[in-house]
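Undergrad: File follows, upload-v6.cif with mmCIF, C-alpha atoms and all ligand atoms:
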data_final
#
loop_
_atom_site.group_PDB
_atom_site.id
_atom_site.type_symbol
_atom_site.label_atom_id
_atom_site.label_comp_id
_atom_site.auth_asym_id
_atom_site.auth_seq_id
_atom_site.Cartn_x
_atom_site.Cartn_y
_atom_site.Cartn_z
ATOM 1 C CA LEU A 1244 6.971 2.151 -19.875
ATOM 2 C CA SER A 1245 4.757 4.853 -18.458
ATOM 3 C CA PHE A 1246 6.074 7.544 -16.158
ATOM 4 C CA TYR A 1247 4.808 5.989 -12.936
ATOM 5 C CA LEU A 1248 6.374 2.587 -13.574
ATOM 6 C CA HIS A 1249 9.463 3.068 -11.611
ATOM 7 C CA ARG A 1250 11.414 2.350 -8.544
ATOM 8 C CA THR A 1251 11.432 5.274 -6.136
ATOM 9 C CA PRO A 1252 14.759 7.045 -6.668
ATOM 10 C CA ILE A 1253 17.361 6.543 -3.985
ATOM 11 C CA VAL A 1254 17.442 10.324 -3.430
ATOM 12 C CA ALA A 1255 13.998 10.067 -1.833
ATOM 13 C CA ASP A 1256 15.750 8.491 1.152
ATOM 14 C CA LEU A 1257 18.065 11.464 1.406
ATOM 15 C CA PHE A 1258 15.420 14.165 1.191
ATOM 16 C CA PHE A 1259 12.860 12.435 3.392
ATOM 17 C CA PRO A 1260 14.876 10.288 5.811
ATOM 18 C CA LYS A 1261 12.034 10.100 8.330
ATOM 19 C CA LEU A 1262 9.762 8.390 5.841
ATOM 20 C CA LEU A 1263 10.080 4.664 5.257
ATOM 21 C CA TRP A 1264 10.727 3.919 1.570
ATOM 22 C CA ARG A 1265 12.215 0.453 1.789
ATOM 23 C CA LYS A 1266 13.875 -1.852 4.279
ATOM 24 C CA PRO A 1267 17.119 -2.848 2.640
ATOM 25 C CA ASP A 1268 18.274 -5.199 5.380
ATOM 26 C CA GLY A 1269 17.539 -8.883 4.858
ATOM 27 C CA ASP A 1270 15.765 -10.912 2.207
ATOM 28 C CA LYS A 1271 12.284 -9.602 2.812
ATOM 29 C CA ILE A 1272 9.599 -8.051 0.638
ATOM 30 C CA TYR A 1273 6.749 -5.934 2.007
ATOM 31 C CA LEU A 1274 3.450 -6.195 0.153
ATOM 32 C CA THR A 1275 1.016 -3.315 0.527
ATOM 33 C CA PHE A 1276 -2.540 -2.819 -0.747
ATOM 34 C CA ASP A 1277 -4.038 0.679 -0.804
ATOM 35 C CA ASP A 1278 -7.530 2.204 -0.878
ATOM 36 C CA GLY A 1279 -9.662 -0.670 0.464
ATOM 37 C CA PRO A 1280 -11.389 -2.393 1.967
ATOM 38 C CA ASP A 1281 -13.471 -3.170 -1.089
ATOM 39 C CA PRO A 1282 -16.107 -5.907 -1.401
ATOM 40 C CA LYS A 1283 -15.109 -6.855 -4.955
ATOM 41 C CA SER A 1284 -11.371 -7.138 -4.432
ATOM 42 C CA THR A 1285 -10.500 -7.604 -0.758
ATOM 43 C CA PRO A 1286 -11.978 -11.126 -0.376
ATOM 44 C CA ILE A 1287 -10.145 -12.339 -3.498
ATOM 45 C CA ILE A 1288 -6.843 -10.809 -2.412
ATOM 46 C CA LEU A 1289 -7.250 -12.353 1.039
ATOM 47 C CA SER A 1290 -7.810 -15.799 -0.505
ATOM 48 C CA ILE A 1291 -4.726 -15.493 -2.690
ATOM 49 C CA LEU A 1292 -2.629 -14.420 0.295
ATOM 50 C CA ARG A 1293 -4.020 -17.211 2.447
ATOM 51 C CA GLU A 1294 -3.252 -19.841 -0.168
ATOM 52 C CA SER A 1295 0.356 -18.680 -0.353
ATOM 53 C CA ASN A 1296 0.584 -18.099 3.386
ATOM 54 C CA VAL A 1297 1.663 -14.495 2.823
ATOM 55 C CA LYS A 1298 0.930 -11.574 5.141
ATOM 56 C CA ALA A 1299 0.524 -8.036 3.842
ATOM 57 C CA ILE A 1300 -0.237 -4.480 4.924
ATOM 58 C CA PHE A 1301 -3.548 -2.898 3.896
ATOM 59 C CA PHE A 1302 -3.660 0.913 3.914
ATOM 60 C CA CYS A 1303 -7.385 1.543 4.250
ATOM 61 C CA LEU A 1304 -9.552 4.591 3.739
ATOM 62 C CA GLY A 1305 -11.716 5.556 6.706
ATOM 63 C CA GLU A 1306 -14.775 5.940 4.482
ATOM 64 C CA ASN A 1307 -14.358 2.404 3.134
ATOM 65 C CA ALA A 1308 -13.706 0.947 6.564
ATOM 66 C CA ALA A 1309 -16.951 2.567 7.734
ATOM 67 C CA LYS A 1310 -18.844 1.043 4.799
ATOM 68 C CA TYR A 1311 -17.314 -2.425 5.108
ATOM 69 C CA PRO A 1312 -16.336 -2.961 8.754
ATOM 70 C CA ASP A 1313 -16.556 -6.752 8.468
ATOM 71 C CA LEU A 1314 -13.965 -6.720 5.711
ATOM 72 C CA LEU A 1315 -11.607 -4.661 7.840
ATOM 73 C CA LYS A 1316 -12.064 -7.127 10.687
ATOM 74 C CA ARG A 1317 -11.414 -10.026 8.347
ATOM 75 C CA ILE A 1318 -8.136 -8.506 7.136
ATOM 76 C CA ILE A 1319 -6.965 -8.289 10.741
ATOM 77 C CA GLU A 1320 -8.281 -11.719 11.736
ATOM 78 C CA GLU A 1321 -6.334 -13.304 8.897
ATOM 79 C CA GLY A 1322 -3.102 -11.935 10.315
ATOM 80 C CA HIS A 1323 -2.492 -8.916 8.118
ATOM 81 C CA LEU A 1324 -1.669 -5.387 9.255
ATOM 82 C CA VAL A 1325 -3.884 -2.397 8.604
ATOM 83 C CA GLY A 1326 -2.693 1.175 8.215
ATOM 84 C CA ASN A 1327 -4.302 4.602 7.905
ATOM 85 C CA HIS A 1328 -4.663 6.046 4.372
ATOM 86 C CA SER A 1329 -6.784 9.088 5.403
ATOM 87 C CA GLN A 1330 -10.539 9.384 5.505
ATOM 88 C CA SER A 1331 -11.285 10.005 1.833
ATOM 89 C CA HIS A 1332 -8.017 9.940 -0.135
ATOM 90 C CA VAL A 1333 -7.024 13.560 0.327
ATOM 91 C CA SER A 1334 -3.937 15.022 -1.327
ATOM 92 C CA GLY A 1335 -1.761 16.801 1.213
ATOM 93 C CA TRP A 1336 -0.704 19.319 -1.423
ATOM 94 C CA ARG A 1337 -4.313 20.557 -1.706
ATOM 95 C CA GLN A 1338 -5.041 20.916 2.012
ATOM 96 C CA ASP A 1339 -3.754 22.903 4.941
ATOM 97 C CA THR A 1340 -2.309 20.923 7.809
ATOM 98 C CA ASP A 1341 -5.392 21.254 10.037
ATOM 99 C CA ALA A 1342 -7.733 19.854 7.396
ATOM 100 C CA TYR A 1343 -5.243 17.121 6.529
ATOM 101 C CA MET A 1344 -4.820 16.027 10.127
ATOM 102 C CA LYS A 1345 -8.578 16.017 10.563
ATOM 103 C CA SER A 1346 -8.838 13.502 7.747
ATOM 104 C CA VAL A 1347 -6.090 11.377 9.322
ATOM 105 C CA ARG A 1348 -7.888 11.474 12.683
ATOM 106 C CA GLN A 1349 -11.273 10.604 11.193
ATOM 107 C CA CYS A 1350 -9.784 7.506 9.609
ATOM 108 C CA GLN A 1351 -7.983 6.659 12.846
ATOM 109 C CA GLU A 1352 -11.183 6.887 14.887
ATOM 110 C CA ILE A 1353 -13.203 4.739 12.509
ATOM 111 C CA MET A 1354 -10.520 2.086 12.143
ATOM 112 C CA GLY A 1355 -9.792 2.149 15.872
ATOM 113 C CA ALA A 1356 -13.459 1.617 16.730
ATOM 114 C CA ILE A 1357 -13.740 -1.348 14.360
ATOM 115 C CA ALA A 1358 -10.351 -2.912 14.992
ATOM 116 C CA GLY A 1359 -10.114 -2.288 18.727
ATOM 117 C CA SER A 1360 -6.806 -0.467 18.400
ATOM 118 C CA SER A 1361 -5.598 2.400 16.251
ATOM 119 C CA PRO A 1362 -3.218 1.809 13.367
ATOM 120 C CA THR A 1363 0.372 2.923 13.816
ATOM 121 C CA LEU A 1364 1.282 3.051 10.130
ATOM 122 C CA PHE A 1365 0.229 5.838 7.757
ATOM 123 C CA ARG A 1366 0.546 6.107 4.011
ATOM 124 C CA PRO A 1367 -0.247 9.459 2.387
ATOM 125 C CA PRO A 1368 -2.593 9.292 -0.620
ATOM 126 C CA TYR A 1369 -0.588 9.968 -3.816
ATOM 127 C CA GLY A 1370 2.503 10.078 -1.597
ATOM 128 C CA ARG A 1371 1.881 13.821 -1.249
ATOM 129 C CA MET A 1372 2.442 15.650 2.027
ATOM 130 C CA LYS A 1373 3.643 19.070 3.069
ATOM 131 C CA PRO A 1374 6.424 19.317 5.687
ATOM 132 C CA GLY A 1375 3.996 20.408 8.446
ATOM 133 C CA GLN A 1376 1.768 17.434 7.720
ATOM 134 C CA ILE A 1377 4.731 15.080 7.875
ATOM 135 C CA LYS A 1378 5.790 16.543 11.216
ATOM 136 C CA SER A 1379 2.302 16.244 12.740
ATOM 137 C CA THR A 1380 1.701 12.748 11.407
ATOM 138 C CA LEU A 1381 5.035 11.497 12.750
ATOM 139 C CA ASN A 1382 3.775 12.203 16.290
ATOM 140 C CA ASP A 1383 1.472 9.191 16.040
ATOM 141 C CA TYR A 1384 2.579 7.191 13.022
ATOM 142 C CA GLU A 1385 5.367 5.674 11.063
ATOM 143 C CA ILE A 1386 4.932 7.028 7.520
ATOM 144 C CA VAL A 1387 5.290 4.213 5.011
ATOM 145 C CA MET A 1388 5.967 5.117 1.382
ATOM 146 C CA TRP A 1389 6.957 2.560 -1.267
ATOM 147 C CA SER A 1390 9.942 1.670 -3.409
ATOM 148 C CA LEU A 1391 8.095 -0.166 -6.181
ATOM 149 C CA MET A 1392 4.764 0.827 -7.698
ATOM 150 C CA SER A 1393 3.082 -1.960 -9.628
ATOM 151 C CA GLY A 1394 1.016 0.167 -12.020
ATOM 152 C CA ASP A 1395 -1.929 -2.172 -11.377
ATOM 153 C CA PHE A 1396 -4.380 0.750 -11.606
ATOM 154 C CA ASP A 1397 -3.575 1.582 -15.240
ATOM 155 C CA PRO A 1398 -6.174 0.076 -17.615
ATOM 156 C CA ARG A 1399 -3.643 0.272 -20.466
ATOM 157 C CA LEU A 1400 -1.237 -2.034 -18.641
ATOM 158 C CA SER A 1401 -2.114 -5.683 -19.220
ATOM 159 C CA ALA A 1402 -1.776 -8.283 -16.485
ATOM 160 C CA GLU A 1403 1.109 -9.844 -18.412
ATOM 161 C CA LYS A 1404 3.014 -6.560 -18.640
ATOM 162 C CA CYS A 1405 2.297 -5.694 -15.014
ATOM 163 C CA LEU A 1406 3.619 -9.095 -13.907
ATOM 164 C CA HIS A 1407 6.686 -8.779 -16.109
ATOM 165 C CA PHE A 1408 7.403 -5.323 -14.700
ATOM 166 C CA VAL A 1409 7.143 -6.194 -11.027
ATOM 167 C CA LYS A 1410 9.158 -9.385 -11.475
ATOM 168 C CA GLU A 1411 11.924 -7.545 -13.268
ATOM 169 C CA LYS A 1412 12.075 -4.616 -10.832
ATOM 170 C CA THR A 1413 11.694 -6.296 -7.445
ATOM 171 C CA ARG A 1414 14.715 -6.091 -5.151
ATOM 172 C CA ARG A 1415 15.154 -7.346 -1.607
ATOM 173 C CA GLY A 1416 13.801 -4.892 0.929
ATOM 174 C CA ASP A 1417 11.222 -3.443 -1.451
ATOM 175 C CA ILE A 1418 7.910 -2.064 -0.243
ATOM 176 C CA VAL A 1419 5.623 -2.931 -3.156
ATOM 177 C CA LEU A 1420 2.430 -1.007 -3.854
ATOM 178 C CA PHE A 1421 -0.744 -2.615 -5.194
ATOM 179 C CA HIS A 1422 -4.328 -1.354 -4.980
ATOM 180 C CA ASP A 1423 -7.221 -3.010 -3.268
ATOM 181 C CA GLN A 1424 -9.915 -1.763 -5.637
ATOM 182 C CA ALA A 1425 -12.720 -3.069 -7.832
ATOM 183 C CA SER A 1426 -10.863 -1.702 -10.875
ATOM 184 C CA THR A 1427 -7.631 -3.619 -10.212
ATOM 185 C CA ILE A 1428 -8.833 -7.033 -9.134
ATOM 186 C CA ARG A 1429 -9.201 -8.654 -12.595
ATOM 187 C CA LYS A 1430 -5.529 -7.901 -13.120
ATOM 188 C CA LEU A 1431 -4.366 -8.749 -9.620
ATOM 189 C CA GLU A 1432 -5.991 -12.152 -9.538
ATOM 190 C CA LYS A 1433 -3.686 -13.075 -12.422
ATOM 191 C CA VAL A 1434 -0.593 -11.155 -11.311
ATOM 192 C CA LEU A 1435 -0.473 -11.852 -7.579
ATOM 193 C CA PRO A 1436 -0.273 -15.666 -7.439
ATOM 194 C CA GLN A 1437 2.525 -15.716 -10.014
ATOM 195 C CA TYR A 1438 4.366 -12.832 -8.408
ATOM 196 C CA LEU A 1439 4.251 -14.452 -4.962
ATOM 197 C CA GLU A 1440 5.548 -17.696 -6.442
ATOM 198 C CA TYR A 1441 8.303 -15.872 -8.316
ATOM 199 C CA CYS A 1442 9.530 -14.080 -5.187
ATOM 200 C CA ARG A 1443 9.459 -17.246 -3.090
ATOM 201 C CA THR A 1444 11.387 -19.166 -5.721
ATOM 202 C CA GLY A 1445 13.972 -16.386 -5.719
ATOM 203 C CA GLY A 1446 14.491 -16.735 -1.964
ATOM 204 C CA LEU A 1447 12.507 -13.659 -0.922
ATOM 205 C CA GLU A 1448 10.124 -13.888 2.027
ATOM 206 C CA PHE A 1449 7.132 -11.670 2.666
ATOM 207 C CA SER A 1450 7.013 -9.795 5.910
ATOM 208 C CA LEU A 1451 5.029 -7.232 7.876
ATOM 209 C CA ILE A 1452 6.641 -3.907 8.682
HETATM 210 ZN ZN ZN A 1501 -4.374 5.523 -2.326
#
As structure tokens, please, write out the structure in this file.
TA:
Amino acid sequence: LSFYLHRTPIVADLFFPKLLWRKPDGDKIYLTFDDGPDPKSTPIILSILRESNVKAIFFCLGENAAKYPDLLKRIIEEGHLVGNHSQSHVSGWRQDTDAYMKSVRQCQEIMGAIAGSSPTLFRPPYGRMKPGQIKSTLNDYEIVMWSLMSGDFDPRLSAEKCLHFVKEKTRRGDIVLFHDQASTIRKLEKVLPQYLEYCRTGGLEFSLI
């Protein structure tokens, strides 16, 4: 398996205790979709979730929310949560804290104007933040990382292998990362329905954070 196909190591909890990596209490799973909203993938993902009666968290980019405000509204209307994923997918490692926080605020303002209230969850693009950025972001947000990355974005990973991987690796309390993108939807429309069914059959319920 490729380097990114992994569960986040337990040590992440120890080094970054203020960041949420997983919620080990209970029999819940937390589904997250990053980088949308996107007109090719979001409507399909929403239909799959609706059919299975599953709620998820969508970490949206401000620039995409601005382009597709109706999609953002639809995500919320269908009972899902939306979170801030920065304005244009900036890496914290490449920016000073002022520039980074500006990107977080831009996304917050756009999403707040469309949704009527500002998101309270933030996920850093690439999972990369400097300590000062973490500190500033924590003033307004809970920072939500992930414990299981699906690898859905890798064109070399077939739908079958992606499904096999997430089924094998999922544990109760996991925060699972998928992507809400045009490039992932062909795979996700095969993987998601079977994955949701698999988790349900195994006694795991899907929950919002
Ligand atoms: Zn992202």
Undergrad: With ligand ZN 1501 (chain A) as the partner and 10 Å as the cut-off, tabulate the residues of chain A that qualify, each row holding the nearest pair of atoms and their distance in Å to one decimal, using all atoms listed in the file, sorted by chain and rising number, as JSON lines.
TA:
{"residue": "A:Phe1276", "atom": "CA", "partner": "A:ZN1501", "partner_atom": "ZN", "distance": 8.7}
{"residue": "A:Asp1277", "atom": "CA", "partner": "A:ZN1501", "partner_atom": "ZN", "distance": 5.1}
{"residue": "A:Asp1278", "atom": "CA", "partner": "A:ZN1501", "partner_atom": "ZN", "distance": 4.8}
{"residue": "A:Gly1279", "atom": "CA", "partner": "A:ZN1501", "partner_atom": "ZN", "distance": 8.6}
{"residue": "A:Phe1302", "atom": "CA", "partner": "A:ZN1501", "partner_atom": "ZN", "distance": 7.8}
{"residue": "A:Cys1303", "atom": "CA", "partner": "A:ZN1501", "partner_atom": "ZN", "distance": 8.3}
{"residue": "A:Leu1304", "atom": "CA", "partner": "A:ZN1501", "partner_atom": "ZN", "distance": 8.0}
{"residue": "A:His1328", "atom": "CA", "partner": "A:ZN1501", "partner_atom": "ZN", "distance": 6.7}
{"residue": "A:Ser1329", "atom": "CA", "partner": "A:ZN1501", "partner_atom": "ZN", "distance": 8.8}
{"residue": "A:Ser1331", "atom": "CA", "partner": "A:ZN1501", "partner_atom": "ZN", "distance": 9.2}
{"residue": "A:His1332", "atom": "CA", "partner": "A:ZN1501", "partner_atom": "ZN", "distance": 6.1}
{"residue": "A:Val1333", "atom": "CA", "partner": "A:ZN1501", "partner_atom": "ZN", "distance": 8.9}
{"residue": "A:Ser1334", "atom": "CA", "partner": "A:ZN1501", "partner_atom": "ZN", "distance": 9.6}
{"residue": "A:Arg1366", "atom": "CA", "partner": "A:ZN1501", "partner_atom": "ZN", "distance": 8.0}
{"residue": "A:Pro1367", "atom": "CA", "partner": "A:ZN1501", "partner_atom": "ZN", "distance": 7.4}
{"residue": "A:Pro1368", "atom": "CA", "partner": "A:ZN1501", "partner_atom": "ZN", "distance": 4.5}
{"residue": "A:Tyr1369", "atom": "CA", "partner": "A:ZN1501", "partner_atom": "ZN", "distance": 6.0}
{"residue": "A:Gly1370", "atom": "CA", "partner": "A:ZN1501", "partner_atom": "ZN", "distance": 8.3}
{"residue": "A:Leu1420", "atom": "CA", "partner": "A:ZN1501", "partner_atom": "ZN", "distance": 9.6}
{"residue": "A:Phe1421", "atom": "CA", "partner": "A:ZN1501", "partner_atom": "ZN", "distance": 9.4}
{"residue": "A:His1422", "atom": "CA", "partner": "A:ZN1501", "partner_atom": "ZN", "distance": 7.4}
{"residue": "A:Asp1423", "atom": "CA", "partner": "A:ZN1501", "partner_atom": "ZN", "distance": 9.0}
{"residue": "A:Gln1424", "atom": "CA", "partner": "A:ZN1501", "partner_atom": "ZN", "distance": 9.7}
Undergrad: Evaluate the PyMOL selection byres (((chain A and resi 1379) around 12) and not hetatm) against this structure - the residues, as a list in words, please.
TA: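 The output of the PyMOL selection byres (((chain A and resi 1379) around 12) and not hetatm) on this file is Asp1339, Thr1340, Asp1341, Ala1342, Tyr1343, Met1344, Lys1345, Val1347, Arg1348, Phe1365, Met1372, Lys1373, Pro1374, Gly1375, Gln1376, Ile1377, Lys1378, Thr1380, Leu1381, Asn1382, Asp1383, Tyr1384, Glu1385 and Ile1386 of chain A.
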Undergrad: Could those selected residues go to a file with C-alpha atoms, as a PDB file, in the coordinates of the input?
TA:
ATOM      1  CA  ASP A1339      -3.754  22.903   4.941  1.00  0.00           C
ATOM      2  CA  THR A1340      -2.309  20.923   7.809  1.00  0.00           C
ATOM      3  CA  ASP A1341      -5.392  21.254  10.037  1.00  0.00           C
ATOM      4  CA  ALA A1342      -7.733  19.854   7.396  1.00  0.00           C
ATOM      5  CA  TYR A1343      -5.243  17.121   6.529  1.00  0.00           C
ATOM      6  CA  MET A1344      -4.820  16.027  10.127  1.00  0.00           C
ATOM      7  CA  LYS A1345      -8.578  16.017  10.563  1.00  0.00           C
ATOM      8  CA  VAL A1347      -6.090  11.377   9.322  1.00  0.00           C
ATOM      9  CA  ARG A1348      -7.888  11.474  12.683  1.00  0.00           C
ATOM     10  CA  PHE A1365       0.229   5.838   7.757  1.00  0.00           C
ATOM     11  CA  MET A1372       2.442  15.650   2.027  1.00  0.00           C
ATOM     12  CA  LYS A1373       3.643  19.070   3.069  1.00  0.00           C
ATOM     13  CA  PRO A1374       6.424  19.317   5.687  1.00  0.00           C
ATOM     14  CA  GLY A1375       3.996  20.408   8.446  1.00  0.00           C
ATOM     15  CA  GLN A1376       1.768  17.434   7.720  1.00  0.00           C
ATOM     16  CA  ILE A1377       4.731  15.080   7.875  1.00  0.00           C
ATOM     17  CA  LYS A1378       5.790  16.543  11.216  1.00  0.00           C
ATOM     18  CA  THR A1380       1.701  12.748  11.407  1.00  0.00           C
ATOM     19  CA  LEU A1381       5.035  11.497  12.750  1.00  0.00           C
ATOM     20  CA  ASN A1382       3.775  12.203  16.290  1.00  0.00           C
ATOM     21  CA  ASP A1383       1.472   9.191  16.040  1.00  0.00           C
ATOM     22  CA  TYR A1384       2.579   7.191  13.022  1.00  0.00           C
ATOM     23  CA  GLU A1385       5.367   5.674  11.063  1.00  0.00           C
ATOM     24  CA  ILE A1386       4.932   7.028   7.520  1.00  0.00           C
TER      25      ILE A1386
END
Undergrad: What's the 7 Å shell around segment 1399-1408 of chain A, counting all atoms listed in the file, without same-chain residues fewer than 3 positions away, as a list in words?
TA: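 The residues satisfying every condition are Ser1393, Gly1394, Asp1395, Glu1411, Lys1412, Lys1430, Lys1433, Val1434 and Tyr1438 of chain A.
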Undergrad: Write out as a short mmCIF file (atom, residue, chain, number, x, y, z; two decimals) with C-alpha atoms, in the coordinates of the input each polymer residue whose atoms come within 7 Å of segment 1265-1275 of chain A, counting all atoms listed in the file; drop sequence neighbours fewer than 4 positions from it.
TA:
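Generated file (result.cif):
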data_model
loop_
_atom_site.label_atom_id
_atom_site.label_comp_id
_atom_site.auth_asym_id
_atom_site.auth_seq_id
_atom_site.Cartn_x
_atom_site.Cartn_y
_atom_site.Cartn_z
CA ALA A 1299 0.52 -8.04 3.84
CA ILE A 1300 -0.24 -4.48 4.92
CA PHE A 1301 -3.55 -2.90 3.90
CA TRP A 1389 6.96 2.56 -1.27
CA SER A 1390 9.94 1.67 -3.41
CA ARG A 1415 15.15 -7.35 -1.61
CA GLY A 1416 13.80 -4.89 0.93
CA ASP A 1417 11.22 -3.44 -1.45
CA ILE A 1418 7.91 -2.06 -0.24
CA VAL A 1419 5.62 -2.93 -3.16
CA LEU A 1420 2.43 -1.01 -3.85
CA PHE A 1421 -0.74 -2.62 -5.19
CA LEU A 1447 12.51 -13.66 -0.92
CA GLU A 1448 10.12 -13.89 2.03
CA PHE A 1449 7.13 -11.67 2.67
CA SER A 1450 7.01 -9.80 5.91
CA LEU A 1451 5.03 -7.23 7.88
CA ILE A 1452 6.64 -3.91 8.68
#
Undergrad: If I take atom CA of Gln1437 of chain A and atom CA of His1323 of chain A, how far is one from the other in Å, to one decimal?
TA: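 Answer for the atom CA of Gln1437 of chain A to atom CA of His1323 of chain A separation: 20.0 Å.
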Undergrad: Quote the spacing between atom CA of Ala1309 of chain A and atom CA of Gly1359 of chain A in Å to one decimal place.
TA: 13.8 Å
Undergrad: For a quick check of understanding, using all atoms listed in the file, which of A:Thr1285, A:Thr1363, A:Asn1327, A:Thr1413 has the smallest distance to Gly1445 of chain A?
TA: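 Distance minimum relative to Gly1445 of chain A lands on A:Thr1413.
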Undergrad: What does the distance between atom CA of Ile1318 of chain A and atom CA of Ser1295 of chain A come to in Å, to one decimal place?
TA: 15.2 Å
Undergrad: Nearest residue to Pro1436 of chain A out of A:Ser1290, A:Ser1346, A:Ser1284, A:Thr1251, using only C-alpha atoms?
TA: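 Checking each candidate against Pro1436 of chain A, we get A:Ser1290 as the closest.
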Undergrad: Choose the residue, out of A:Val1325, A:Met1354, A:Val1387, A:Leu1314, that has the smallest atom-to-atom separation from Leu1263 of chain A; count all atoms listed in the file.
TA: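 That would be A:Val1387, the residue with the smallest distance to Leu1263 of chain A.
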Undergrad: Return the single residue from A:Met1388, A:Gly1322, A:Glu1432, A:Arg1337 that is closest to Lys1261 of chain A, with distances computed using all atoms listed in the file.
TA: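 Among the listed residues, A:Met1388 lies closest to Lys1261 of chain A.
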Undergrad: First collect every listed atom of segment 1421-1432 of chain A; then fit an axis-aligned box around them, widen it by 8 Å on each side, and give centre and edge lengths in Å to one decimal, as JSON.
TA:
{"center_x": -6.7, "center_y": -6.8, "center_z": -8.2, "size_x": 28.0, "size_y": 26.8, "size_z": 25.9}
Undergrad: Smallest atom-to-atom distance to Leu1262 of chain A: which of A:Leu1364, A:Leu1292, A:Ala1308, A:Ile1287, using only C-alpha atoms?
TA: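 Comparing A:Leu1364, A:Leu1292, A:Ala1308, A:Ile1287 against Leu1262 of chain A, the winner is A:Leu1364.
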Undergrad: So, with only C-alpha atoms as the atoms that count, which of A:Gly1305, A:Pro1362, A:Gly1355, A:Pro1312 lies closest to Leu1324 of chain A?
TA: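 Result for the nearest residue to Leu1324 of chain A: A:Pro1362.
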Undergrad: Because some atoms of segment 1348-1353 of chain A are absent here, can you restore all heavy atoms and send them as a compact mmCIF listing (two decimals), in the coordinates of the input?
TA:
# COMPACT_ATOMS: atom_id res chain seq x y z
N ARG A 1348 -7.23 11.84 11.42
CA ARG A 1348 -7.89 11.47 12.68
C ARG A 1348 -9.22 10.76 12.47
O ARG A 1348 -9.53 9.81 13.16
CB ARG A 1348 -8.13 12.74 13.53
CG ARG A 1348 -7.02 13.03 14.53
CD ARG A 1348 -7.47 14.02 15.59
NE ARG A 1348 -8.21 15.14 15.03
CZ ARG A 1348 -7.63 16.24 14.50
NH1 ARG A 1348 -6.33 16.35 14.46
NH2 ARG A 1348 -8.38 17.22 14.02
N GLN A 1349 -9.98 11.25 11.49
CA GLN A 1349 -11.27 10.60 11.19
C GLN A 1349 -11.06 9.13 10.85
O GLN A 1349 -11.75 8.25 11.35
CB GLN A 1349 -11.94 11.29 10.00
CG GLN A 1349 -12.74 12.51 10.36
CD GLN A 1349 -13.36 13.13 9.10
OE1 GLN A 1349 -12.72 13.23 8.06
NE2 GLN A 1349 -14.62 13.51 9.21
N CYS A 1350 -10.09 8.89 10.00
CA CYS A 1350 -9.78 7.51 9.61
C CYS A 1350 -9.34 6.71 10.83
O CYS A 1350 -9.76 5.57 11.05
CB CYS A 1350 -8.70 7.50 8.53
SG CYS A 1350 -8.22 5.85 8.01
N GLN A 1351 -8.50 7.33 11.65
CA GLN A 1351 -7.98 6.66 12.85
C GLN A 1351 -9.12 6.26 13.78
O GLN A 1351 -9.15 5.15 14.31
CB GLN A 1351 -7.02 7.61 13.56
CG GLN A 1351 -6.52 7.09 14.90
CD GLN A 1351 -5.50 8.04 15.50
OE1 GLN A 1351 -4.61 8.48 14.81
NE2 GLN A 1351 -5.65 8.36 16.76
N GLU A 1352 -10.09 7.18 13.96
CA GLU A 1352 -11.18 6.89 14.89
C GLU A 1352 -12.06 5.75 14.37
O GLU A 1352 -12.45 4.86 15.12
CB GLU A 1352 -12.01 8.16 15.13
CG GLU A 1352 -11.35 9.07 16.15
CD GLU A 1352 -11.86 10.51 16.09
OE1 GLU A 1352 -12.95 10.73 15.52
OE2 GLU A 1352 -11.15 11.39 16.61
N ILE A 1353 -12.35 5.79 13.09
CA ILE A 1353 -13.20 4.74 12.51
C ILE A 1353 -12.50 3.38 12.57
O ILE A 1353 -13.06 2.39 13.03
CB ILE A 1353 -13.57 5.09 11.06
CG1 ILE A 1353 -14.58 6.24 11.05
CG2 ILE A 1353 -14.12 3.88 10.31
CD1 ILE A 1353 -14.81 6.86 9.70
